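Coordinates from work.txt are shown below (compact mmCIF, C-alpha atoms and all ligand atoms).
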```txt
# COMPACT_ATOMS: atom_id res chain seq x y z
CA MET A 1 260.88 98.60 -14.26
CA ILE A 2 264.02 97.37 -12.47
CA ARG A 3 262.48 98.68 -9.24
CA ILE A 4 259.46 96.41 -9.76
CA ASP A 5 260.73 93.05 -8.47
CA THR A 6 259.83 90.37 -11.04
CA VAL A 7 262.17 87.57 -9.93
CA ASN A 8 260.81 84.36 -11.42
CA PRO A 9 259.64 82.36 -9.55
CA PRO A 10 257.16 83.75 -8.66
CA GLY A 11 257.43 86.45 -11.36
CA ASN A 12 254.62 88.85 -10.44
CA GLU A 13 255.02 90.47 -13.86
CA LEU A 14 251.52 91.96 -13.70
CA ALA A 15 252.88 95.07 -11.97
CA VAL A 16 255.24 95.78 -14.89
CA ALA A 17 252.44 95.14 -17.39
CA ARG A 18 250.19 97.63 -15.57
CA TYR A 19 252.98 100.18 -15.61
CA LEU A 20 253.41 99.70 -19.38
CA GLN A 21 249.66 99.85 -19.98
CA ALA A 22 249.35 103.19 -18.15
CA ILE A 23 252.07 104.72 -20.33
CA PHE A 24 250.56 103.42 -23.58
CA GLU A 25 247.02 104.47 -22.63
CA ALA A 26 248.19 107.99 -21.87
CA GLU A 27 249.56 108.10 -25.44
CA ASN A 28 246.39 106.65 -26.97
CA ILE A 29 248.09 103.46 -28.09
CA GLU A 30 245.79 100.41 -28.07
CA THR A 31 246.64 97.75 -25.50
CA GLN A 32 245.53 94.34 -24.28
CA LEU A 33 246.44 92.96 -20.89
CA PHE A 34 245.84 89.30 -20.04
CA GLU A 35 246.34 87.49 -16.76
CA PRO A 36 247.09 83.83 -17.61
CA VAL A 37 247.25 83.11 -13.86
CA PRO A 38 247.03 85.55 -10.92
CA GLU A 39 249.86 88.13 -10.89
CA ARG A 40 251.35 86.91 -14.21
CA ALA A 41 250.68 88.89 -17.37
CA ALA A 42 250.79 88.90 -21.13
CA PHE A 43 250.76 92.42 -22.50
CA VAL A 44 250.26 93.43 -26.12
CA ALA A 45 250.16 96.94 -27.60
CA ARG A 46 249.70 97.88 -31.22
CA ILE A 47 250.24 100.85 -33.49
CA ARG A 48 248.34 100.35 -36.73
CA GLY A 49 249.94 100.79 -40.12
CA ASP A 50 248.12 101.07 -43.44
CA GLY A 51 248.12 97.28 -43.81
CA SER A 52 250.07 97.24 -47.07
CA ARG A 53 252.65 94.96 -45.46
CA ARG A 54 252.50 92.40 -42.67
CA PRO A 55 253.21 93.43 -39.05
CA VAL A 56 256.53 93.58 -37.26
CA MET A 57 256.61 92.52 -33.61
CA ILE A 58 259.05 93.71 -30.95
CA MET A 59 259.10 91.57 -27.84
CA ALA A 60 260.82 91.34 -24.47
CA HIS A 61 260.21 89.48 -21.24
CA MET A 62 259.32 91.15 -17.94
CA ASP A 63 260.59 88.47 -15.54
CA VAL A 64 264.18 88.26 -14.27
CA VAL A 65 266.33 85.61 -12.61
CA GLY A 66 267.03 85.71 -8.86
CA VAL A 67 269.93 87.45 -7.11
CA GLU A 68 272.60 86.56 -4.57
CA ARG A 69 272.12 89.79 -2.68
CA ALA A 70 275.30 89.42 -0.59
CA ASN A 71 277.41 89.52 -3.78
CA TRP A 72 275.96 92.77 -5.09
CA SER A 73 277.60 96.10 -4.34
CA VAL A 74 274.30 97.94 -4.95
CA ASP A 75 270.61 97.19 -4.34
CA PRO A 76 269.70 94.86 -7.25
CA PHE A 77 266.26 96.46 -7.39
CA GLY A 78 267.40 100.03 -6.80
CA ALA A 79 268.14 100.99 -10.44
CA GLU A 80 271.10 102.99 -9.22
CA ILE A 81 273.14 105.02 -11.72
CA ARG A 82 276.84 105.07 -10.96
CA ASP A 83 279.85 106.02 -13.10
CA GLY A 84 277.83 106.00 -16.30
CA TYR A 85 276.18 102.63 -15.69
CA LEU A 86 272.64 101.71 -14.73
CA TYR A 87 272.77 98.84 -12.20
CA GLY A 88 270.06 96.34 -11.45
CA ARG A 89 268.72 92.86 -12.09
CA GLY A 90 267.30 92.87 -15.59
CA ALA A 91 269.30 95.92 -16.78
CA ILE A 92 270.58 93.73 -19.64
CA ASP A 93 268.22 90.76 -19.54
CA ASP A 94 265.65 91.86 -20.52
CA LYS A 95 264.31 95.10 -19.06
CA GLY A 96 266.84 97.10 -21.09
CA MET A 97 265.27 95.83 -24.30
CA LEU A 98 261.79 96.21 -22.81
CA ALA A 99 262.57 99.90 -22.21
CA ALA A 100 264.09 100.35 -25.68
CA ASN A 101 261.00 98.73 -27.23
CA LEU A 102 258.71 100.96 -25.17
CA GLU A 103 260.63 104.05 -26.26
CA THR A 104 260.45 102.89 -29.89
CA MET A 105 256.65 102.71 -29.67
CA LEU A 106 256.43 106.18 -28.13
CA LEU A 107 258.71 107.68 -30.78
CA LEU A 108 256.71 106.07 -33.60
CA LYS A 109 253.44 107.31 -32.15
CA ARG A 110 254.58 110.85 -31.40
CA HIS A 111 256.85 111.55 -34.34
CA VAL A 112 255.31 109.49 -37.13
CA VAL A 113 251.63 108.72 -36.51
CA ASP A 114 250.69 111.88 -34.58
CA ALA A 115 252.73 113.96 -37.03
CA GLY A 116 250.45 112.79 -39.85
CA GLY A 117 252.77 110.11 -41.22
CA THR A 118 251.88 106.52 -42.00
CA LEU A 119 253.46 103.15 -41.39
CA SER A 120 253.24 100.31 -43.88
CA ARG A 121 253.02 97.72 -41.11
CA ASP A 122 251.35 97.34 -37.73
CA ILE A 123 253.92 97.50 -34.96
CA ILE A 124 253.13 94.97 -32.24
CA PHE A 125 254.72 95.38 -28.83
CA VAL A 126 254.75 92.26 -26.64
CA ALA A 127 255.84 92.01 -23.01
CA ASN A 128 255.94 88.43 -21.79
CA SER A 129 256.10 86.61 -18.50
CA ASP A 130 257.92 83.47 -17.48
CA GLU A 131 260.74 83.43 -20.05
CA GLU A 132 263.31 82.48 -17.41
CA ALA A 133 261.35 79.45 -16.21
CA GLY A 134 260.12 77.75 -19.34
CA GLY A 135 257.57 80.17 -20.79
CA VAL A 136 254.42 78.22 -19.89
CA PHE A 137 252.79 81.47 -18.71
CA GLY A 138 254.62 83.54 -21.30
CA MET A 139 255.27 82.95 -24.97
CA ASP A 140 253.61 79.51 -24.95
CA TRP A 141 250.45 80.92 -23.39
CA LEU A 142 250.25 83.78 -25.87
CA VAL A 143 250.79 81.46 -28.85
CA ASP A 144 248.19 78.97 -27.60
CA ASN A 145 245.55 81.52 -26.60
CA HIS A 146 246.00 84.65 -28.71
CA ARG A 147 247.89 83.61 -31.80
CA GLU A 148 245.94 86.20 -33.84
CA LEU A 149 247.41 89.09 -31.81
CA ILE A 150 250.99 88.17 -32.53
CA ASP A 151 250.84 87.32 -36.20
CA ALA A 152 253.83 89.05 -37.76
CA GLU A 153 256.17 88.76 -40.72
CA PHE A 154 259.18 89.84 -38.66
CA VAL A 155 259.99 89.63 -34.96
CA LEU A 156 262.72 91.29 -32.90
CA ASN A 157 263.48 89.29 -29.77
CA GLU A 158 266.40 89.00 -27.37
CA GLY A 159 269.24 86.63 -28.25
CA GLY A 160 271.98 88.47 -30.18
CA ARG A 161 275.10 90.41 -29.23
CA THR A 162 276.50 93.88 -29.86
CA ARG A 163 280.12 93.52 -28.97
CA ILE A 164 282.86 95.90 -27.95
CA VAL A 165 286.33 94.32 -28.31
CA GLY A 166 289.35 96.14 -26.89
CA GLY A 167 287.28 99.29 -26.33
CA THR A 168 286.04 99.42 -29.95
CA PRO A 169 282.43 98.62 -30.92
CA LEU A 170 283.04 95.83 -33.44
CA TYR A 171 279.92 94.02 -34.52
CA VAL A 172 276.20 93.52 -34.13
CA ALA A 173 275.43 89.79 -34.15
CA VAL A 174 271.80 89.14 -35.10
CA GLN A 175 270.59 85.67 -34.20
CA ASN A 176 268.64 84.21 -37.14
CA THR A 177 268.85 80.53 -36.24
CA GLU A 178 269.77 78.37 -33.28
CA LYS A 179 271.09 74.95 -32.42
CA VAL A 180 268.51 72.32 -31.54
CA PRO A 181 268.71 70.73 -28.07
CA HIS A 182 268.18 66.98 -27.49
CA HIS A 183 268.63 64.64 -24.53
CA VAL A 184 270.21 61.23 -24.98
CA THR A 185 270.55 58.54 -22.29
CA VAL A 186 273.56 56.23 -22.37
CA ARG A 187 272.80 52.95 -20.58
CA ALA A 188 275.36 50.23 -19.85
CA ARG A 189 274.30 46.86 -18.45
CA GLY A 190 276.30 44.07 -16.89
CA PRO A 191 276.22 41.25 -14.39
CA GLY A 192 275.45 42.19 -10.80
CA GLY A 193 276.96 40.63 -7.69
CA HIS A 194 278.95 41.03 -4.51
CA ALA A 195 281.73 43.59 -4.90
CA ALA A 196 284.14 41.15 -3.23
CA VAL A 197 284.41 39.20 -6.49
CA PRO A 198 285.26 41.58 -9.36
CA LEU A 199 283.31 40.96 -12.56
CA PRO A 200 284.77 41.75 -16.01
CA GLY A 201 281.45 42.96 -17.46
CA ASN A 202 280.87 45.54 -14.68
CA ALA A 203 278.32 48.08 -15.99
CA VAL A 204 280.11 51.02 -14.34
CA TYR A 205 283.36 50.28 -16.18
CA ARG A 206 281.45 49.72 -19.37
CA LEU A 207 279.76 53.10 -19.01
CA GLY A 208 283.11 54.69 -18.18
CA ARG A 209 284.66 53.32 -21.39
CA ALA A 210 281.66 54.46 -23.40
CA LEU A 211 281.88 57.97 -21.94
CA ALA A 212 285.61 58.15 -22.60
CA ALA A 213 284.91 57.27 -26.24
CA ILE A 214 282.16 59.90 -26.44
CA GLY A 215 284.50 62.46 -24.87
CA ASN A 216 287.12 61.77 -27.55
CA HIS A 217 284.59 61.85 -30.37
CA GLN A 218 284.23 65.03 -32.38
CA GLU A 219 281.32 65.66 -34.68
CA PRO A 220 282.28 66.76 -38.21
CA VAL A 221 282.72 70.44 -39.04
CA ARG A 222 279.82 71.78 -41.05
CA LEU A 223 279.36 75.36 -42.19
CA THR A 224 275.77 76.46 -42.69
CA SER A 225 274.89 79.47 -44.83
CA THR A 226 274.54 81.46 -41.59
CA THR A 227 277.91 80.48 -40.09
CA LYS A 228 279.64 81.06 -43.44
CA GLU A 229 278.25 84.57 -43.60
CA PHE A 230 279.02 85.08 -39.89
CA PHE A 231 282.72 84.31 -40.31
CA ALA A 232 283.00 86.04 -43.70
CA ARG A 233 281.69 89.33 -42.32
CA LEU A 234 283.47 89.04 -38.97
CA ALA A 235 286.77 88.52 -40.80
CA LYS A 236 286.47 92.11 -42.07
CA VAL A 237 286.79 93.60 -38.58
CA TRP A 238 288.41 90.89 -36.42
CA PRO A 239 291.54 92.22 -34.68
CA ASP A 240 293.63 89.01 -34.44
CA ALA A 241 295.42 88.28 -37.74
CA SER A 242 295.68 84.48 -37.49
CA GLU A 243 292.05 84.13 -36.37
CA ARG A 244 291.03 86.50 -39.15
CA ALA A 245 292.81 84.27 -41.69
CA ALA A 246 291.09 81.22 -40.19
CA MET A 247 287.71 82.92 -40.60
CA GLU A 248 288.47 83.48 -44.28
CA ASP A 249 289.60 79.85 -44.58
CA VAL A 250 286.40 78.35 -43.19
CA THR A 251 284.30 80.31 -45.67
CA SER A 252 286.36 79.00 -48.59
CA ALA A 253 285.08 76.42 -51.09
CA ASP A 254 288.31 74.42 -50.64
CA GLU A 255 287.65 71.62 -48.16
CA ARG A 256 291.28 71.56 -46.95
CA ARG A 257 291.28 75.27 -46.19
CA VAL A 258 287.99 74.84 -44.32
CA LEU A 259 289.44 72.15 -42.07
CA HIS A 260 292.63 74.14 -41.56
CA GLY A 261 290.67 77.21 -40.52
CA ALA A 262 288.36 75.16 -38.34
CA ARG A 263 291.35 73.85 -36.38
CA THR A 264 292.40 77.39 -35.43
CA LEU A 265 288.87 78.59 -34.69
CA GLY A 266 288.04 75.35 -32.86
CA ALA A 267 290.54 76.33 -30.17
CA ILE A 268 288.10 79.10 -29.26
CA LEU A 269 285.34 77.13 -27.58
CA VAL A 270 282.46 79.44 -28.50
CA PHE A 271 283.51 79.23 -32.17
CA ASP A 272 284.00 75.47 -32.01
CA ALA A 273 280.42 75.22 -30.76
CA VAL A 274 279.09 76.89 -33.92
CA LEU A 275 281.21 74.77 -36.26
CA ARG A 276 279.82 71.40 -35.25
CA THR A 277 277.18 69.58 -33.27
CA GLY A 278 278.12 69.66 -29.58
CA ILE A 279 277.86 66.86 -27.05
CA SER A 280 278.04 67.44 -23.29
CA ALA A 281 277.72 64.73 -20.62
CA THR A 282 275.75 66.20 -17.74
CA VAL A 283 274.34 63.60 -15.30
CA LEU A 284 275.67 60.25 -14.04
CA SER A 285 273.81 57.61 -12.10
CA GLY A 286 274.24 53.97 -11.11
CA GLY A 287 274.71 51.77 -8.09
CA ILE A 288 272.90 51.52 -4.79
CA ARG A 289 275.66 50.82 -2.26
CA SER A 290 279.42 50.42 -2.08
CA ASN A 291 279.55 46.61 -1.85
CA VAL A 292 277.10 45.77 -4.66
CA ILE A 293 278.04 45.69 -8.36
CA PRO A 294 275.03 47.28 -10.11
CA THR A 295 273.50 45.72 -13.20
CA GLU A 296 273.02 49.12 -14.82
CA ALA A 297 274.66 52.54 -15.00
CA THR A 298 273.51 55.55 -17.00
CA ALA A 299 274.68 58.95 -18.16
CA LEU A 300 272.74 61.81 -19.73
CA LEU A 301 274.06 63.66 -22.73
CA ASN A 302 272.90 67.11 -23.73
CA ILE A 303 273.35 67.28 -27.50
CA ARG A 304 272.93 70.43 -29.59
CA THR A 305 272.67 69.65 -33.27
CA LEU A 306 273.38 72.12 -36.04
CA PRO A 307 270.11 73.16 -37.71
CA GLY A 308 269.09 70.62 -40.32
CA GLU A 309 271.22 67.86 -38.83
CA SER A 310 269.67 64.54 -37.78
CA ILE A 311 270.02 63.52 -34.13
CA ASP A 312 269.60 59.88 -35.23
CA ALA A 313 272.72 60.20 -37.39
CA VAL A 314 274.64 61.70 -34.46
CA VAL A 315 273.57 58.82 -32.21
CA GLY A 316 274.66 56.37 -34.92
CA ARG A 317 278.14 57.94 -35.01
CA LEU A 318 278.35 57.80 -31.21
CA GLN A 319 277.33 54.15 -31.21
CA ASN A 320 280.19 53.46 -33.66
CA ALA A 321 282.66 55.42 -31.56
CA ILE A 322 281.66 53.44 -28.45
CA GLY A 323 282.03 50.12 -30.27
CA ASP A 324 280.14 48.16 -27.62
CA ALA A 325 276.74 46.91 -28.72
CA SER A 326 275.66 46.29 -25.12
CA VAL A 327 275.76 50.04 -24.42
CA GLU A 328 272.40 51.45 -25.41
CA LEU A 329 271.77 55.01 -26.56
CA THR A 330 268.20 56.33 -26.34
CA ILE A 331 266.92 59.70 -27.46
CA THR A 332 264.80 60.70 -24.46
CA ASN A 333 263.98 64.20 -25.60
CA ARG A 334 263.99 65.10 -29.25
CA GLY A 335 264.29 68.79 -30.15
CA GLU A 336 262.42 70.22 -33.08
CA ASP A 337 264.14 71.98 -35.94
CA ALA A 338 262.93 75.42 -37.01
CA PRO A 339 263.33 77.31 -40.29
CA VAL A 340 266.19 79.81 -40.50
CA SER A 341 265.26 83.50 -40.65
CA ASP A 342 266.54 85.11 -43.84
CA PHE A 343 269.59 87.35 -43.42
CA THR A 344 268.87 88.93 -46.80
CA SER A 345 265.37 89.97 -45.67
CA PRO A 346 264.26 93.62 -45.30
CA MET A 347 264.28 93.22 -41.49
CA PHE A 348 267.90 92.13 -41.37
CA SER A 349 268.87 94.91 -43.80
CA ALA A 350 266.99 97.40 -41.63
CA ILE A 351 268.98 96.35 -38.54
CA ALA A 352 272.25 96.55 -40.49
CA GLY A 353 271.28 99.95 -41.92
CA ALA A 354 270.38 101.36 -38.51
CA ALA A 355 273.66 100.05 -37.05
CA LYS A 356 275.70 101.51 -39.91
CA GLU A 357 274.18 104.92 -39.34
CA LEU A 358 274.97 104.84 -35.60
CA ALA A 359 278.47 103.33 -35.90
CA PRO A 360 279.88 103.26 -39.44
CA GLY A 361 282.80 101.03 -38.38
CA MET A 362 280.61 98.19 -37.10
CA VAL A 363 279.50 95.20 -39.13
CA THR A 364 276.19 93.41 -38.72
CA VAL A 365 276.54 89.63 -38.90
CA PRO A 366 273.96 86.84 -38.92
CA TYR A 367 274.52 84.46 -36.08
CA MET A 368 273.48 81.01 -34.93
CA SER A 369 273.09 80.88 -31.16
CA THR A 370 274.24 77.72 -29.42
CA GLY A 371 271.56 78.26 -26.77
CA ALA A 372 267.85 77.81 -27.41
CA SER A 373 265.31 80.67 -27.38
CA ASP A 374 261.60 81.42 -27.81
CA SER A 375 262.37 82.52 -31.34
CA ALA A 376 262.50 78.88 -32.52
CA ARG A 377 258.80 78.50 -31.73
CA LEU A 378 257.98 81.67 -33.66
CA ARG A 379 260.03 80.48 -36.64
CA GLN A 380 258.12 77.20 -36.60
CA LEU A 381 254.94 79.30 -36.85
CA GLY A 382 256.25 81.00 -39.99
CA MET A 383 257.52 84.27 -38.50
CA GLN A 384 261.02 85.49 -39.28
CA ALA A 385 262.39 86.06 -35.80
CA PHE A 386 265.70 87.83 -35.19
CA GLY A 387 267.51 87.89 -31.85
CA ILE A 388 269.35 91.03 -30.89
CA LEU A 389 271.01 92.48 -27.82
CA PRO A 390 271.21 96.02 -29.13
CA PHE A 391 273.45 97.41 -26.37
CA PRO A 392 277.19 97.58 -27.15
CA MET A 393 279.00 95.80 -24.33
CA ASP A 394 282.35 94.21 -23.68
CA GLN A 395 282.68 90.65 -22.45
CA ASP A 396 282.87 91.71 -18.78
CA ASP A 397 279.59 93.61 -18.83
CA GLU A 398 277.90 90.87 -20.84
CA ASP A 399 279.02 88.20 -18.36
CA ARG A 400 277.09 89.99 -15.60
CA MET A 401 273.86 88.89 -17.25
CA HIS A 402 272.26 86.44 -14.77
CA GLY A 403 275.25 87.25 -12.49
CA ASN A 404 276.18 89.82 -9.86
CA ASP A 405 276.14 93.61 -10.31
CA GLU A 406 274.30 93.35 -13.63
CA ARG A 407 274.64 96.72 -15.30
CA ILE A 408 274.33 98.48 -18.61
CA PRO A 409 276.36 101.48 -19.81
CA LEU A 410 274.00 104.45 -20.21
CA ALA A 411 275.59 105.22 -23.59
CA SER A 412 274.74 101.66 -24.69
CA LEU A 413 271.16 102.03 -23.54
CA ASP A 414 270.94 105.10 -25.75
CA PHE A 415 272.61 103.32 -28.69
CA GLY A 416 270.37 100.27 -28.35
CA THR A 417 267.21 102.36 -28.25
CA ARG A 418 268.27 104.19 -31.41
CA LEU A 419 269.15 100.87 -33.04
CA ILE A 420 265.74 99.31 -32.39
CA PHE A 421 263.87 102.45 -33.36
CA GLY A 422 266.01 102.82 -36.49
CA ALA A 423 265.47 99.21 -37.53
CA VAL A 424 261.72 99.20 -36.91
CA TYR A 425 261.16 102.54 -38.59
CA ARG A 426 263.22 101.51 -41.62
CA VAL A 427 261.26 98.29 -42.13
CA ALA A 428 257.85 99.86 -41.52
CA ARG A 429 258.01 103.27 -43.17
ZN ZN B 1 266.28 87.04 -21.39
```
Structure re-expressed in structure tokens:
Amino acid sequence: MIRIDTVNPPGNELAVARYLQAIFEAENIETQLFEPVPERAAFVARIRGDGSRRPVMIMAHMDVVGVERANWSVDPFGAEIRDGYLYGRGAIDDKGMLAANLETMLLLKRHVVDAGGTLSRDIIFVANSDEEAGGVFGMDWLVDNHRELIDAEFVLNEGGRTRIVGGTPLYVAVQNTEKVPHHVTVRARGPGGHAAVPLPGNAVYRLGRALAAIGNHQEPVRLTSTTKEFFARLAKVWPDASERAAMEDVTSADERRVLHGARTLGAILVFDAVLRTGISATVLSGGIRSNVIPTEATALLNIRTLPGESIDAVVGRLQNAIGDASVELTITNRGEDAPVSDFTSPMFSAIAGAAKELAPGMVTVPYMSTGASDSARLRQLGMQAFGILPFPMDQDDEDRMHGNDERIPLASLDFGTRLIFGAVYRVAR
């Protein structure tokens, strides 16, 4: 699949979908292949259970992001195996999971169904297009046009982590919720005029002061049930003693211990981002030429609220922090909250059980991603979606995702395939 170039744009995922369809048809697994637009595809395969429980869906996207060929030491579409790694664009994101899902279907068909066994749930396999460029011809298209084919109680999607720290496989982080993205415009106004006569109400200075205030503002720490459980379970295996103590502190019922722990964890930016709503200034504009004082200057903020938190309340706190009523904050794009998938559900337990069997020393933790994913849409539709990246990797390998020399350890590919099969079989037997 790596050798089939599906860089999006343009995608051309149809070739991968045809490849998948040929394999499934040869195994007598029912399939449906749609072409939302020429050369793009939505592919669905299904193994039927006895219907006593609702289906489980395993999904992955077929498209990949582009490459800077000059920075690769191998052909990004060669699928070369070297020193125990499989190299290629999509090896991690998301053709690795696509392959593990495919293998899971084949194992279920050959070793359960064809061996006379039964499954309590239908297993739905979905391969999507266009995930890397907005999903209009991918998940969105499938939801809008064939909702009935993807109706499931549980979904396994991309979006988690299986992390090796210091050479030791440490934890499987299963994404069960995510932060909600919003866009806010900050607009400062002031008198315009010739730059030769400085004006005290200059909109550019006003915006600058407002942005400095926003930069110094920190949203309050708030632990959700997911982040509490995340830190509580991670504390059991975390190697650094002071960070481990901080993890225990933030899960405490004592407010002072929580804040104390949050100060230590907040120094680690990825942890700080799960402890509070995050605000990033991203775009500045204002002015038309060097000798004219503009009457308006604006900045864009990308705000990611904790699930369940109101963006209006965040904007209210920012307005207070700015302390200048002439600076206007407008929510230009309002994200939509989604229900949290239950980390005490049979699906989550099945993932944890499969992981325990493969690596008894690892813990499985629920996890709120700071980035947004397709899973939010599925959760809004009432499905319990879980994000996993089932392949144990260290930070270096993980950072190659969307980067140069993307690669996956062969041993991790094997582990991840067993993990998905183990989880799906456990929840559907
Ligand atoms: Zn992806």
Would you kindly return, as number ranges by chain, each protein, DNA or RNA residue with an atom no farther than 12 Å from any atom of A:Glu148, considering only C-alpha atoms and excluding same-chain residues fewer than 3 positions away? A: 44, 55, 124, 142-145, 151-152, 381
Those same residues - C-alpha atoms - I'd like them written as a CSV table (one decimal), in the frame of the given file.
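Writing the result to result-v2.csv gives the following:
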```
chain,number,residue,atom,x,y,z
A,44,VAL,CA,250.3,93.4,-26.1
A,55,PRO,CA,253.2,93.4,-39.0
A,124,ILE,CA,253.1,95.0,-32.2
A,142,LEU,CA,250.2,83.8,-25.9
A,143,VAL,CA,250.8,81.5,-28.8
A,144,ASP,CA,248.2,79.0,-27.6
A,145,ASN,CA,245.6,81.5,-26.6
A,151,ASP,CA,250.8,87.3,-36.2
A,152,ALA,CA,253.8,89.0,-37.8
A,381,LEU,CA,254.9,79.3,-36.8
```
Could you give me, as a PyMOL selection string, every polymer residue with an atom at most 10 Å away from an atom of ligand ZN 1 (chain B), counting all atoms listed in the file? chain A and resi 60-65+90+92-95+97+130-132+157-159+373-374+389+401-402
Nearest residue to A:Glu35 out of A:Lys109, A:Asp83, A:Thr330, A:Asn128, using all atoms listed in the file? A:Asn128
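With only C-alpha atoms as the atoms that count, the residue of A:Asp75, A:Gly416, A:Val427, A:Asn302 with the shortest distance to A:Leu98 is A:Gly416.
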Contacts of stretch 246-338 of chain A with stretch 207-227 of chain A up to 9 Å, shortest pair per row, all atoms listed in the file, as CSV:
```
residue,atom,partner,partner_atom,distance
A:Val250,CA,A:Leu223,CA,7.7
A:Thr251,CA,A:Leu223,CA,7.8
A:Val258,CA,A:Val221,CA,8.7
A:Leu259,CA,A:Val221,CA,7.6
A:Ala262,CA,A:Val221,CA,7.4
A:Asp272,CA,A:Val221,CA,8.7
A:Val274,CA,A:Thr227,CA,7.2
A:Leu275,CA,A:Val221,CA,5.4
A:Arg276,CA,A:Val221,CA,4.9
A:Thr277,CA,A:Glu219,CA,5.9
A:Gly278,CA,A:Glu219,CA,7.2
A:Ile279,CA,A:Ile214,CA,8.2
A:Ser280,CA,A:Gly215,CA,8.3
A:Ala281,CA,A:Leu211,CA,8.0
A:Glu296,CA,A:Leu207,CA,8.9
A:Ala297,CA,A:Leu207,CA,6.5
A:Thr298,CA,A:Leu207,CA,7.0
A:Ala299,CA,A:Leu207,CA,7.8
A:Leu306,CA,A:Arg222,CA,8.2
A:Pro307,CA,A:Thr224,CA,8.2
A:Val314,CA,A:Glu219,CA,7.8
A:Arg317,CA,A:Glu219,CA,8.4
A:Leu318,CA,A:Ile214,CA,6.5
A:Gln319,CA,A:Ile214,CA,8.9
A:Ala321,CA,A:Ala213,CA,6.1
A:Ile322,CA,A:Ala210,CA,5.2
A:Gly323,CA,A:Ala210,CA,8.1
A:Asp324,CA,A:Ala210,CA,7.7
A:Val327,CA,A:Leu207,CA,7.4
```
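For the atom pair formed by atom CA of A:Pro76 and atom CA of A:Leu156, the distance is 26.8 Å, given to one decimal.
Closest approach to A:Asn12 from the set A:Ala41, A:Ala253, A:Val363, A:Leu284 is made by A:Ala41, with distances taken over only C-alpha atoms.
Note that atom CA of A:Asp337 and atom CA of A:Val180 are 6.2 Å apart.
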Smallest atom-to-atom distance to A:Asp312: which of A:Thr168, A:Ser326, A:Asn333, A:Asn202, using only C-alpha atoms? A:Asn333
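With all atoms listed in the file as the atoms that count, the minimum distance from A:Ala313 to the choices A:Ala246, A:Ile331, A:Thr185, A:His194 is reached by A:Ile331.
With only C-alpha atoms as the atoms that count, the residue of A:Pro239, A:Pro9, A:Pro346, A:Gly422 with the shortest distance to A:Leu170 is A:Pro239.
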